[in-house]
Amino acid sequence: MMRVLHVSDWHLGRVTYNEPRSVDHDTVLTEIIAVARSEKPELIVHSGDLFDHARPSYPDMSKATTVLKELAAVAPVVVVCGNHDSPLLFQLFAQLLGPDSGIHFIDKPRDPDQGGILRFHGADDTVLRLAVLPFVHSNRAIDAFDDPHHWRAAYAERIGRMERMLAAELLRDFDDRRDIAMFAAHLHVGGANFAGSERPVHASDYYATNAEDLPAVNYAAFGHIHQPQKLPGTQVPGRYAGSPIQLDFGEAGERKSVVLADLRPGQKANIDIVGLSGGRQLRRLEGTLDDLRVLAPSVGRDLCQVTVHTQTHHPALSELVDDLLPDAVVLQVNEVCADQKLEVLTQDAVAADVEPNLRQLFRDYLADQGTTTVAADRVMATFARVLTAVEEQQPAVMPEESLLTDPLESDRAPVAAEVSR
Ligand SMILES: [Mn+2]
């Protein structure tokens, strides 16, 4: 049996609405190291997006290598390059840490015999074969001369070809009394649930791959999607381990975790989800100031996006909210102000005048959009005054119009003759 710890999508260096997440990372990375030490896996797989940026800060690089070394003290570590990671930085890390570090940085997709398949030996005679597939950018996988309508299919087809190639080699001379097959990739499998924080640098980072192309392995360790979940649409046992912290509000309320997979030759994987605290939670709060007062004790140190419903505009609302939530980090305060929106006209009123006039259209606009500071009825009154002034002052005939009614040049007496006279 070989136990594998699967982690993913750390996004070190992440900043959420100007709030650095390093303290949250410190919390969950300590938890992950503790899980590794107590569960004693024989292999640790990080399925990509170690960093949030291709050029991480020095403290984040130092944090990454320190934590990976702590993990490598327990078992060999494989890190697959994600779409946020830099393949060149991975090469540099590999160079600096050296082949004896026990940390394998997989910088780019490789042929099976050029580093695309790794082998690890268990304490018993078990051999774990691991095929690795880092993120493939779409510009590497599609031909720009192809019809763009086919790009999505071309991408999936190209990835499918890579997967089939790896699978063929992975399962060659496979002895299922001794061998275990695993696949680690940073890819979007069609049908997976998005959080939104996966950030499409190019919309095409969202190009899906086909679940049916996955190699038939004992366990598939996937990264890219931040919500921990089973791989969709496939019988292959596998999971998105998910990010260890809530990276953005799309992930608010999500429970974060890592995966422990016990793999035995010729048997179904035994998969265990180990919960993480997730660091500080992201929370959306909405209500009146009184509602917030009631909610306040439950908020603690959470990172909050607050929407306050007020009657009239509150110039010092942010300070008020800060006072109400003294321990929380208030990332954003939105105000929904009753007097900055007008009531929508009833259907009867609209029906009476089939073609809505400018006043009605502007009124509808204010009902929908509201104003930012001044009360909506004042804006409406000003608009009405301006409109009336324009309507009452009959616009003069425009110069172009007089040109059209004037006789043509040839019908007139020559201008030069008039002058000479
Ligand atoms: Mn990610």
# chains A, B, ... in the order shown; residues from 1 in each chain; ligands from 1

$ residues_near_ligand --ligand "ligand 1" --cutoff "8 Å" --atoms "only C-alpha atoms and all ligand atoms" --output "PDB file with all heavy atoms, in the first residue's frame"
ATOM      1  N   SER A   8      -3.004  21.288  -3.267  1.00  0.00           N
ATOM      2  CA  SER A   8      -3.062  22.043  -4.522  1.00  0.00           C
ATOM      3  C   SER A   8      -3.337  23.533  -4.308  1.00  0.00           C
ATOM      4  O   SER A   8      -3.762  23.952  -3.229  1.00  0.00           O
ATOM      5  CB  SER A   8      -4.170  21.463  -5.400  1.00  0.00           C
ATOM      6  OG  SER A   8      -3.989  21.846  -6.733  1.00  0.00           O
ATOM      7  N   ASP A   9      -3.089  24.296  -5.366  1.00  0.00           N
ATOM      8  CA  ASP A   9      -3.544  25.688  -5.484  1.00  0.00           C
ATOM      9  C   ASP A   9      -3.330  26.544  -4.235  1.00  0.00           C
ATOM     10  O   ASP A   9      -4.262  27.185  -3.747  1.00  0.00           O
ATOM     11  CB  ASP A   9      -5.030  25.717  -5.899  1.00  0.00           C
ATOM     12  CG  ASP A   9      -5.238  25.188  -7.302  1.00  0.00           C
ATOM     13  OD1 ASP A   9      -5.412  23.953  -7.449  1.00  0.00           O
ATOM     14  OD2 ASP A   9      -5.200  25.990  -8.250  1.00  0.00           O
ATOM     15  N   TRP A  10      -2.070  26.592  -3.775  1.00  0.00           N
ATOM     16  CA  TRP A  10      -1.777  27.416  -2.600  1.00  0.00           C
ATOM     17  C   TRP A  10      -1.895  28.902  -2.922  1.00  0.00           C
ATOM     18  O   TRP A  10      -2.286  29.700  -2.107  1.00  0.00           O
ATOM     19  CB  TRP A  10      -0.369  27.109  -2.072  1.00  0.00           C
ATOM     20  CG  TRP A  10      -0.256  25.756  -1.452  1.00  0.00           C
ATOM     21  CD1 TRP A  10      -1.273  24.855  -1.265  1.00  0.00           C
ATOM     22  CD2 TRP A  10       0.942  25.139  -0.944  1.00  0.00           C
ATOM     23  NE1 TRP A  10      -0.766  23.723  -0.658  1.00  0.00           N
ATOM     24  CE2 TRP A  10       0.574  23.869  -0.453  1.00  0.00           C
ATOM     25  CE3 TRP A  10       2.281  25.534  -0.864  1.00  0.00           C
ATOM     26  CZ2 TRP A  10       1.510  22.992   0.114  1.00  0.00           C
ATOM     27  CZ3 TRP A  10       3.203  24.674  -0.298  1.00  0.00           C
ATOM     28  CH2 TRP A  10       2.821  23.415   0.191  1.00  0.00           C
ATOM     29  N   HIS A  11      -1.447  29.274  -4.106  1.00  0.00           N
ATOM     30  CA  HIS A  11      -1.482  30.696  -4.511  1.00  0.00           C
ATOM     31  C   HIS A  11      -0.772  31.587  -3.518  1.00  0.00           C
ATOM     32  O   HIS A  11      -1.321  32.612  -3.081  1.00  0.00           O
ATOM     33  CB  HIS A  11      -2.930  31.157  -4.732  1.00  0.00           C
ATOM     34  CG  HIS A  11      -3.539  30.629  -5.999  1.00  0.00           C
ATOM     35  ND1 HIS A  11      -3.568  31.345  -7.166  1.00  0.00           N
ATOM     36  CD2 HIS A  11      -4.111  29.438  -6.281  1.00  0.00           C
ATOM     37  CE1 HIS A  11      -4.149  30.615  -8.120  1.00  0.00           C
ATOM     38  NE2 HIS A  11      -4.482  29.463  -7.604  1.00  0.00           N
ATOM     39  N   GLY A  48      -0.269  22.049  -8.511  1.00  0.00           N
ATOM     40  CA  GLY A  48      -0.090  23.286  -9.261  1.00  0.00           C
ATOM     41  C   GLY A  48      -0.665  24.546  -8.655  1.00  0.00           C
ATOM     42  O   GLY A  48      -1.487  24.509  -7.746  1.00  0.00           O
ATOM     43  N   ASP A  49      -0.199  25.688  -9.189  1.00  0.00           N
ATOM     44  CA  ASP A  49      -0.448  27.010  -8.624  1.00  0.00           C
ATOM     45  C   ASP A  49       0.103  27.097  -7.203  1.00  0.00           C
ATOM     46  O   ASP A  49      -0.600  27.401  -6.251  1.00  0.00           O
ATOM     47  CB  ASP A  49      -1.931  27.410  -8.689  1.00  0.00           C
ATOM     48  CG  ASP A  49      -2.374  27.802 -10.090  1.00  0.00           C
ATOM     49  OD1 ASP A  49      -1.501  27.883 -10.992  1.00  0.00           O
ATOM     50  OD2 ASP A  49      -3.577  28.015 -10.305  1.00  0.00           O
ATOM     51  N   ASP A  52       0.755  32.700  -6.665  1.00  0.00           N
ATOM     52  CA  ASP A  52      -0.334  33.427  -7.307  1.00  0.00           C
ATOM     53  C   ASP A  52       0.142  34.143  -8.563  1.00  0.00           C
ATOM     54  O   ASP A  52      -0.644  34.463  -9.447  1.00  0.00           O
ATOM     55  CB  ASP A  52      -0.919  34.443  -6.316  1.00  0.00           C
ATOM     56  CG  ASP A  52      -2.288  34.942  -6.742  1.00  0.00           C
ATOM     57  OD1 ASP A  52      -3.123  34.094  -7.106  1.00  0.00           O
ATOM     58  OD2 ASP A  52      -2.519  36.169  -6.736  1.00  0.00           O
ATOM     59  N   GLY A  82       1.375  25.080 -12.424  1.00  0.00           N
ATOM     60  CA  GLY A  82       0.011  25.518 -12.727  1.00  0.00           C
ATOM     61  C   GLY A  82       0.004  26.708 -13.662  1.00  0.00           C
ATOM     62  O   GLY A  82       1.069  27.211 -14.044  1.00  0.00           O
ATOM     63  N   ASN A  83      -1.175  27.189 -14.020  1.00  0.00           N
ATOM     64  CA  ASN A  83      -1.229  28.324 -14.952  1.00  0.00           C
ATOM     65  C   ASN A  83      -0.729  29.621 -14.322  1.00  0.00           C
ATOM     66  O   ASN A  83      -0.346  30.540 -15.026  1.00  0.00           O
ATOM     67  CB  ASN A  83      -2.646  28.515 -15.520  1.00  0.00           C
ATOM     68  CG  ASN A  83      -3.708  28.682 -14.472  1.00  0.00           C
ATOM     69  OD1 ASN A  83      -3.777  27.911 -13.521  1.00  0.00           O
ATOM     70  ND2 ASN A  83      -4.552  29.681 -14.619  1.00  0.00           N
ATOM     71  N   HIS A  84      -0.707  29.708 -12.986  1.00  0.00           N
ATOM     72  CA  HIS A  84      -0.179  30.910 -12.338  1.00  0.00           C
ATOM     73  C   HIS A  84       1.331  30.824 -12.117  1.00  0.00           C
ATOM     74  O   HIS A  84       1.948  31.815 -11.782  1.00  0.00           O
ATOM     75  CB  HIS A  84      -0.862  31.126 -10.985  1.00  0.00           C
ATOM     76  CG  HIS A  84      -2.263  31.626 -11.091  1.00  0.00           C
ATOM     77  ND1 HIS A  84      -2.638  32.883 -10.672  1.00  0.00           N
ATOM     78  CD2 HIS A  84      -3.376  31.051 -11.588  1.00  0.00           C
ATOM     79  CE1 HIS A  84      -3.936  33.050 -10.902  1.00  0.00           C
ATOM     80  NE2 HIS A  84      -4.411  31.955 -11.452  1.00  0.00           N
ATOM     81  N   SER A 197     -12.147  32.447  -8.749  1.00  0.00           N
ATOM     82  CA  SER A 197     -10.819  32.965  -8.430  1.00  0.00           C
ATOM     83  C   SER A 197      -9.719  32.281  -9.234  1.00  0.00           C
ATOM     84  O   SER A 197      -8.559  32.599  -9.069  1.00  0.00           O
ATOM     85  CB  SER A 197     -10.553  32.807  -6.939  1.00  0.00           C
ATOM     86  OG  SER A 197     -10.812  31.488  -6.546  1.00  0.00           O
ATOM     87  N   GLU A 198     -10.088  31.337 -10.089  1.00  0.00           N
ATOM     88  CA  GLU A 198      -9.085  30.682 -10.930  1.00  0.00           C
ATOM     89  C   GLU A 198      -8.518  31.684 -11.936  1.00  0.00           C
ATOM     90  O   GLU A 198      -7.503  31.453 -12.545  1.00  0.00           O
ATOM     91  CB  GLU A 198      -9.700  29.479 -11.663  1.00  0.00           C
ATOM     92  CG  GLU A 198     -10.084  28.326 -10.737  1.00  0.00           C
ATOM     93  CD  GLU A 198     -11.459  28.505 -10.109  1.00  0.00           C
ATOM     94  OE1 GLU A 198     -12.108  29.540 -10.364  1.00  0.00           O
ATOM     95  OE2 GLU A 198     -11.882  27.616  -9.347  1.00  0.00           O
ATOM     96  N   ARG A 199      -9.165  32.813 -12.057  1.00  0.00           N
ATOM     97  CA  ARG A 199      -8.719  33.953 -12.873  1.00  0.00           C
ATOM     98  C   ARG A 199      -8.277  33.592 -14.286  1.00  0.00           C
ATOM     99  O   ARG A 199      -7.160  33.146 -14.500  1.00  0.00           O
ATOM    100  CB  ARG A 199      -7.564  34.690 -12.184  1.00  0.00           C
ATOM    101  CG  ARG A 199      -7.212  36.002 -12.905  1.00  0.00           C
ATOM    102  CD  ARG A 199      -6.328  36.847 -12.049  1.00  0.00           C
ATOM    103  NE  ARG A 199      -5.073  36.174 -11.758  1.00  0.00           N
ATOM    104  CZ  ARG A 199      -3.917  36.452 -12.350  1.00  0.00           C
ATOM    105  NH1 ARG A 199      -3.863  37.398 -13.228  1.00  0.00           N
ATOM    106  NH2 ARG A 199      -2.838  35.808 -12.022  1.00  0.00           N
ATOM    107  N   GLY A 223      -5.323  19.761 -10.068  1.00  0.00           N
ATOM    108  CA  GLY A 223      -5.310  21.134  -9.586  1.00  0.00           C
ATOM    109  C   GLY A 223      -5.915  22.030 -10.635  1.00  0.00           C
ATOM    110  O   GLY A 223      -6.092  21.621 -11.790  1.00  0.00           O
ATOM    111  N   HIS A 224      -6.255  23.267 -10.247  1.00  0.00           N
ATOM    112  CA  HIS A 224      -6.770  24.334 -11.117  1.00  0.00           C
ATOM    113  C   HIS A 224      -8.111  24.847 -10.609  1.00  0.00           C
ATOM    114  O   HIS A 224      -8.373  26.034 -10.670  1.00  0.00           O
ATOM    115  CB  HIS A 224      -6.913  23.887 -12.568  1.00  0.00           C
ATOM    116  CG  HIS A 224      -7.153  25.032 -13.526  1.00  0.00           C
ATOM    117  ND1 HIS A 224      -6.528  26.252 -13.400  1.00  0.00           N
ATOM    118  CD2 HIS A 224      -7.958  25.147 -14.616  1.00  0.00           C
ATOM    119  CE1 HIS A 224      -6.939  27.050 -14.382  1.00  0.00           C
ATOM    120  NE2 HIS A 224      -7.804  26.415 -15.129  1.00  0.00           N
ATOM    121  N   ILE A 225      -8.979  23.938 -10.149  1.00  0.00           N
ATOM    122  CA  ILE A 225     -10.279  24.359  -9.648  1.00  0.00           C
ATOM    123  C   ILE A 225     -10.168  24.447  -8.123  1.00  0.00           C
ATOM    124  O   ILE A 225      -9.610  23.550  -7.495  1.00  0.00           O
ATOM    125  CB  ILE A 225     -11.381  23.354 -10.044  1.00  0.00           C
ATOM    126  CG1 ILE A 225     -11.288  23.023 -11.532  1.00  0.00           C
ATOM    127  CG2 ILE A 225     -12.750  23.881  -9.667  1.00  0.00           C
ATOM    128  CD1 ILE A 225     -11.693  24.110 -12.467  1.00  0.00           C
ATOM    129  N   HIS A 226     -10.679  25.548  -7.546  1.00  0.00           N
ATOM    130  CA  HIS A 226     -10.394  25.826  -6.128  1.00  0.00           C
ATOM    131  C   HIS A 226     -11.370  25.194  -5.155  1.00  0.00           C
ATOM    132  O   HIS A 226     -11.121  25.159  -3.947  1.00  0.00           O
ATOM    133  CB  HIS A 226     -10.322  27.343  -5.916  1.00  0.00           C
ATOM    134  CG  HIS A 226      -9.174  27.953  -6.662  1.00  0.00           C
ATOM    135  ND1 HIS A 226      -9.074  29.288  -6.941  1.00  0.00           N
ATOM    136  CD2 HIS A 226      -8.072  27.363  -7.202  1.00  0.00           C
ATOM    137  CE1 HIS A 226      -7.948  29.504  -7.618  1.00  0.00           C
ATOM    138  NE2 HIS A 226      -7.335  28.356  -7.795  1.00  0.00           N
ATOM    139  N   SER A 243      -8.014  24.759  -3.239  1.00  0.00           N
ATOM    140  CA  SER A 243      -7.115  25.686  -2.541  1.00  0.00           C
ATOM    141  C   SER A 243      -7.292  25.515  -1.031  1.00  0.00           C
ATOM    142  O   SER A 243      -8.377  25.170  -0.575  1.00  0.00           O
ATOM    143  CB  SER A 243      -7.432  27.118  -2.957  1.00  0.00           C
ATOM    144  OG  SER A 243      -8.799  27.398  -2.722  1.00  0.00           O
TER     145      SER A 243
END

$ residues_around --residues "Val136 (chain A)" --least-positions-apart "6" --cutoff "12 Å" --atoms "only C-alpha atoms" --output "ChimeraX atom specification"
/A:48,80-85,87,107-110,142,155-156,158-160,162-163,185-188,204-209,224

$ closest_residue --among "A:Ala269, A:Ile117, A:Ala54, A:Leu247" --to "Arg21 (chain A)" --atoms "only C-alpha atoms"
A:Leu247

$ closest_residue --among "A:Leu88, A:Leu361, A:Val35, A:Val23" --to "Lys63 (chain A)" --atoms "only C-alpha atoms"
A:Val23

$ select_by_dssp --residues "region 199-386 of chain A" --states "strand (DSSP E or B)" --output "PyMOL selection string"
chain A and resi 209+219-223+229-230+238-240+257-263+270-275+282-287+303-310+329-337

$ residues_around --residues "Leu282 (chain A)" --least-positions-apart "5" --cutoff "12 Å" --atoms "only C-alpha atoms" --output "number ranges by chain"
A: 16-17, 19, 21, 24, 245-255, 299-306, 328-332

$ write_last_selection --atoms "N, CA, C and O atoms" --output "compact mmCIF listing (two decimals), in the first residue's frame"
# COMPACT_ATOMS: atom_id res chain seq x y z
N THR A 16 -6.24 39.63 -1.39
CA THR A 16 -7.69 39.71 -1.63
C THR A 16 -8.14 41.12 -1.28
O THR A 16 -8.06 41.51 -0.11
N TYR A 17 -8.58 41.88 -2.26
CA TYR A 17 -9.01 43.28 -2.04
C TYR A 17 -8.00 44.04 -1.17
O TYR A 17 -8.35 44.58 -0.13
N GLU A 19 -5.86 43.01 0.82
CA GLU A 19 -5.46 42.35 2.06
C GLU A 19 -4.55 41.17 1.74
O GLU A 19 -5.00 40.17 1.17
N ARG A 21 -2.72 37.71 2.10
CA ARG A 21 -3.24 36.50 2.75
C ARG A 21 -2.14 35.69 3.42
O ARG A 21 -2.36 34.51 3.77
N ASP A 24 -2.94 33.80 6.56
CA ASP A 24 -3.81 32.64 6.33
C ASP A 24 -3.00 31.47 5.77
O ASP A 24 -3.20 30.32 6.14
N ILE A 245 -7.09 27.91 1.23
CA ILE A 245 -7.78 29.07 1.81
C ILE A 245 -8.82 29.56 0.81
O ILE A 245 -8.71 29.28 -0.40
N GLN A 246 -9.82 30.30 1.30
CA GLN A 246 -10.78 30.93 0.40
C GLN A 246 -10.08 32.11 -0.26
O GLN A 246 -9.75 33.08 0.41
N LEU A 247 -9.82 32.01 -1.56
CA LEU A 247 -9.01 33.01 -2.23
C LEU A 247 -9.82 34.23 -2.63
O LEU A 247 -9.31 35.33 -2.71
N ASP A 248 -11.09 34.02 -2.91
CA ASP A 248 -11.94 35.12 -3.35
C ASP A 248 -13.38 34.84 -2.92
O ASP A 248 -13.69 33.74 -2.49
N PHE A 249 -14.25 35.87 -3.08
CA PHE A 249 -15.60 35.74 -2.53
C PHE A 249 -16.42 34.65 -3.21
O PHE A 249 -17.40 34.19 -2.64
N GLY A 250 -16.02 34.23 -4.40
CA GLY A 250 -16.68 33.10 -5.04
C GLY A 250 -16.54 31.83 -4.20
O GLY A 250 -17.30 30.88 -4.37
N GLU A 251 -15.56 31.83 -3.29
CA GLU A 251 -15.31 30.65 -2.46
C GLU A 251 -15.81 30.83 -1.03
O GLU A 251 -15.56 29.97 -0.17
N ALA A 252 -16.51 31.96 -0.78
CA ALA A 252 -17.01 32.22 0.57
C ALA A 252 -17.86 31.05 1.04
O ALA A 252 -18.68 30.52 0.29
N GLY A 253 -17.63 30.62 2.28
CA GLY A 253 -18.43 29.53 2.84
C GLY A 253 -17.89 28.14 2.52
O GLY A 253 -18.35 27.15 3.08
N GLU A 254 -16.90 28.05 1.60
CA GLU A 254 -16.36 26.74 1.24
C GLU A 254 -15.48 26.16 2.34
O GLU A 254 -14.66 26.86 2.89
N ARG A 255 -15.63 24.88 2.60
CA ARG A 255 -14.74 24.18 3.52
C ARG A 255 -13.54 23.70 2.73
O ARG A 255 -13.69 23.10 1.67
N VAL A 299 -18.80 37.65 13.71
CA VAL A 299 -17.90 37.94 12.59
C VAL A 299 -16.44 37.68 12.92
O VAL A 299 -15.70 37.14 12.12
N GLY A 300 -16.01 38.05 14.12
CA GLY A 300 -14.62 37.80 14.51
C GLY A 300 -13.62 38.45 13.58
O GLY A 300 -13.80 39.60 13.18
N ARG A 301 -12.60 37.65 13.16
CA ARG A 301 -11.51 38.21 12.34
C ARG A 301 -11.74 38.00 10.85
O ARG A 301 -10.82 38.14 10.05
N ASP A 302 -12.95 37.63 10.47
CA ASP A 302 -13.23 37.35 9.06
C ASP A 302 -12.92 38.54 8.15
O ASP A 302 -12.88 39.69 8.59
N LEU A 303 -12.72 38.23 6.88
CA LEU A 303 -12.54 39.27 5.86
C LEU A 303 -13.92 39.54 5.26
O LEU A 303 -14.54 38.64 4.72
N CYS A 304 -14.37 40.79 5.38
CA CYS A 304 -15.79 41.06 5.07
C CYS A 304 -16.00 42.03 3.92
O CYS A 304 -15.27 43.01 3.77
N GLN A 305 -17.03 41.72 3.16
CA GLN A 305 -17.55 42.63 2.16
C GLN A 305 -18.95 42.99 2.68
O GLN A 305 -19.77 42.10 2.87
N VAL A 306 -19.16 44.28 2.98
CA VAL A 306 -20.36 44.67 3.70
C VAL A 306 -21.26 45.54 2.83
O VAL A 306 -20.79 46.51 2.22
N ALA A 328 -12.77 42.45 12.66
CA ALA A 328 -12.85 42.00 11.28
C ALA A 328 -11.98 42.88 10.38
O ALA A 328 -11.61 43.99 10.75
N VAL A 329 -11.65 42.34 9.21
CA VAL A 329 -10.99 43.15 8.19
C VAL A 329 -12.08 43.50 7.18
O VAL A 329 -12.59 42.63 6.47
N VAL A 330 -12.47 44.78 7.18
CA VAL A 330 -13.54 45.19 6.26
C VAL A 330 -12.88 45.58 4.94
O VAL A 330 -12.15 46.54 4.85
N LEU A 331 -13.13 44.75 3.93
CA LEU A 331 -12.46 44.95 2.65
C LEU A 331 -13.21 45.95 1.78
O LEU A 331 -12.61 46.64 0.97
N GLN A 332 -14.51 46.01 1.96
CA GLN A 332 -15.31 46.86 1.08
C GLN A 332 -16.65 47.15 1.76
O GLN A 332 -17.23 46.26 2.38

$ select_by_dssp --residues "region 24-222 of chain A" --states "alpha helix (DSSP H)" --output "number ranges by chain"
A: 24-39, 58-72, 87-97, 138-141, 151-170

$ closest_residue --among "A:Phe174, A:Met165, A:Tyr365, A:His137" --to "Arg152 (chain A)" --atoms "only C-alpha atoms"
A:His137

$ closest_residue --among "A:Val386, A:Leu97, A:Val77, A:Ala261" --to "Phe120 (chain A)" --atoms "only C-alpha atoms"
A:Val77

$ atom_distance --atom1 "CA of Asp124 (chain A)" --atom2 "CA of Met1 (chain A)"
7.3 Å

$ residues_around --residues "Gln235 (chain A)" --least-positions-apart "6" --cutoff "12 Å" --atoms "only C-alpha atoms" --output "PyMOL selection string"
chain A and resi 211-220+268

$ atom_distance --atom1 "CA of Leu68 (chain A)" --atom2 "CA of Phe194 (chain A)"
26.9 Å

$ closest_residue --among "A:Glu31, A:Trp151, A:Ala184, A:Leu92" --to "Ser47 (chain A)" --atoms "only C-alpha atoms"
A:Ala184

$ residues_around --residues "Leu12 (chain A)" --least-positions-apart "3" --cutoff "7 Å" --atoms "only C-alpha atoms" --output "list in words"
Leu50, Phe51, Asp52 and Asp60 of chain A

$ closest_residue --among "A:Gln340, A:Gln91, A:Ser138, A:Asn270" --to "Gln369 (chain A)" --atoms "only C-alpha atoms"
A:Gln340

$ residues_around --residues "region 227-231 of chain A" --least-positions-apart "2" --cutoff "6 Å" --atoms "only C-alpha atoms" --output "CSV table (one decimal) with all heavy atoms, in the first residue's frame"
chain,number,residue,atom,x,y,z
A,225,ILE,N,-9.0,23.9,-10.1
A,225,ILE,CA,-10.3,24.4,-9.6
A,225,ILE,C,-10.2,24.4,-8.1
A,225,ILE,O,-9.6,23.6,-7.5
A,225,ILE,CB,-11.4,23.4,-10.0
A,225,ILE,CG1,-11.3,23.0,-11.5
A,225,ILE,CG2,-12.8,23.9,-9.7
A,225,ILE,CD1,-11.7,24.1,-12.5
A,238,GLY,N,-10.5,10.3,-8.6
A,238,GLY,CA,-9.6,11.4,-8.6
A,238,GLY,C,-10.3,12.6,-8.0
A,238,GLY,O,-11.6,12.6,-7.9
A,239,ARG,N,-9.6,13.6,-7.6
A,239,ARG,CA,-10.1,14.8,-7.0
A,239,ARG,C,-9.4,16.0,-7.4
A,239,ARG,O,-8.2,16.0,-7.7
A,239,ARG,CB,-10.1,14.7,-5.5
A,239,ARG,CG,-11.1,13.7,-4.9
A,239,ARG,CD,-11.2,13.8,-3.4
A,239,ARG,NE,-11.8,15.0,-3.0
A,239,ARG,CZ,-13.1,15.3,-2.8
A,239,ARG,NH1,-14.0,14.3,-3.1
A,239,ARG,NH2,-13.5,16.5,-2.4
A,240,TYR,N,-10.1,17.1,-7.4
A,240,TYR,CA,-9.4,18.5,-7.2
A,240,TYR,C,-9.3,18.6,-5.7
A,240,TYR,O,-10.3,18.7,-5.0
A,240,TYR,CB,-10.4,19.6,-7.8
A,240,TYR,CG,-10.3,19.7,-9.3
A,240,TYR,CD1,-11.4,19.2,-10.1
A,240,TYR,CD2,-9.3,20.3,-9.9
A,240,TYR,CE1,-11.4,19.3,-11.4
A,240,TYR,CE2,-9.2,20.4,-11.3
A,240,TYR,CZ,-10.3,19.9,-12.0
A,240,TYR,OH,-10.2,20.0,-13.4
A,241,ALA,N,-8.0,18.7,-5.3
A,241,ALA,CA,-7.8,18.9,-3.8
A,241,ALA,C,-8.3,20.3,-3.4
A,241,ALA,O,-8.7,20.5,-2.3
A,241,ALA,CB,-6.3,18.8,-3.5
A,242,GLY,N,-8.3,21.3,-4.3
A,242,GLY,CA,-8.8,22.6,-4.0
A,242,GLY,C,-7.7,23.5,-3.3
A,242,GLY,O,-6.7,23.0,-2.8

$ atom_distance --atom1 "CA of Ala131 (chain A)" --atom2 "CA of Met182 (chain A)"
6.3 Å
